[in-house]
Amino acid sequence: MSSALSAPHFHNEEAAYTYVEAHIWPNGPVCPHCGGVERIGKMGGKSTRVGAYKCYQCRKPFTVKIGTIFESSHVALHI
């Protein structure tokens, strides 16, 4: 019998973001600033933080943490 803490989203930051995104945004990402759903892109690059998206309607970056209890937390999401 395996523990619930052995799930992949508890051991990897990217997996944790994917897990939370699937529960908060079941139909895809939604901009918390303007509510846009159509013109959103995942940000890439070496210096970009994990799970960052950009809304091309209001031109603001966001993550799944915005508007949740995790927003001001300095603790990693997988912890």
# chains A, B, ... in the order shown; residues from 1 in each chain; ligands from 1

call {"tool": "residues_around", "arguments": {"residues": "Thr68 in chain A", "least_positions_apart": "6", "cutoff": "12 Å", "atoms": "only C-alpha atoms", "output": "JSON list (two decimals) with N, CA and C atoms, in the first residue's frame"}}
result
[["chain", "number", "residue", "atom", "x", "y", "z"],
["A", 20, "VAL", "N", -2.45, 21.48, -9.50],
["A", 20, "VAL", "CA", -3.32, 22.57, -9.03],
["A", 20, "VAL", "C", -4.04, 23.21, -10.21],
["A", 21, "GLU", "N", -3.35, 23.40, -11.34],
["A", 21, "GLU", "CA", -3.98, 23.98, -12.53],
["A", 21, "GLU", "C", -5.15, 23.12, -13.01],
["A", 24, "ILE", "N", -8.06, 23.89, -10.50],
["A", 24, "ILE", "CA", -8.59, 25.25, -10.49],
["A", 24, "ILE", "C", -9.10, 25.67, -11.87],
["A", 32, "PRO", "N", -6.69, 36.04, -14.08],
["A", 32, "PRO", "CA", -7.34, 36.57, -12.89],
["A", 32, "PRO", "C", -7.50, 38.09, -12.92],
["A", 77, "LEU", "N", 5.26, 25.25, -3.88],
["A", 77, "LEU", "CA", 3.92, 24.68, -4.00],
["A", 77, "LEU", "C", 3.90, 23.18, -3.73]]

call {"tool": "residues_around", "arguments": {"residues": "Asn12 in chain A", "least_positions_apart": "3", "cutoff": "12 Å", "atoms": "only C-alpha atoms", "output": "list of chain:residue names"}}
result
A:Leu5, A:Ser6, A:Ala7, A:Pro8, A:His9, A:Ala15, A:Ala16, A:Tyr17, A:Thr18, A:Tyr19, A:Val50, A:Ala76, A:Leu77, A:His78, A:Ile79

call {"tool": "write_last_selection", "arguments": {"atoms": "C-alpha atoms", "output": "short mmCIF file (atom, residue, chain, number, x, y, z; two decimals), in the first residue's frame"}}
result
data_model
loop_
_atom_site.label_atom_id
_atom_site.label_comp_id
_atom_site.auth_asym_id
_atom_site.auth_seq_id
_atom_site.Cartn_x
_atom_site.Cartn_y
_atom_site.Cartn_z
CA LEU A 5 2.50 11.54 0.06
CA SER A 6 4.23 9.41 -2.56
CA ALA A 7 2.17 11.04 -5.34
CA PRO A 8 4.33 12.81 -7.97
CA HIS A 9 2.86 16.26 -7.28
CA ALA A 15 4.01 18.47 -11.25
CA ALA A 16 2.53 20.42 -8.33
CA TYR A 17 1.60 23.33 -10.61
CA THR A 18 0.09 20.95 -13.16
CA TYR A 19 -1.98 19.26 -10.44
CA VAL A 50 7.48 27.73 -13.04
CA ALA A 76 7.23 26.03 -2.71
CA LEU A 77 3.92 24.68 -4.00
CA HIS A 78 4.98 21.02 -3.83
CA ILE A 79 5.60 21.28 -0.09
#

call {"tool": "closest_residue", "arguments": {"among": "A:His23, A:Glu38, A:Pro29, A:Glu14", "to": "Tyr53 in chain A", "atoms": "only C-alpha atoms"}}
result
A:Pro29

call {"tool": "closest_residue", "arguments": {"among": "A:Ala22, A:Cys58, A:Val64, A:Val75", "to": "Gly36 in chain A", "atoms": "only C-alpha atoms"}}
result
A:Cys58

call {"tool": "select_by_dssp", "arguments": {"residues": "chain A", "states": "alpha helix (DSSP H)", "output": "NGL selection string"}}
result
:A and (13-24)
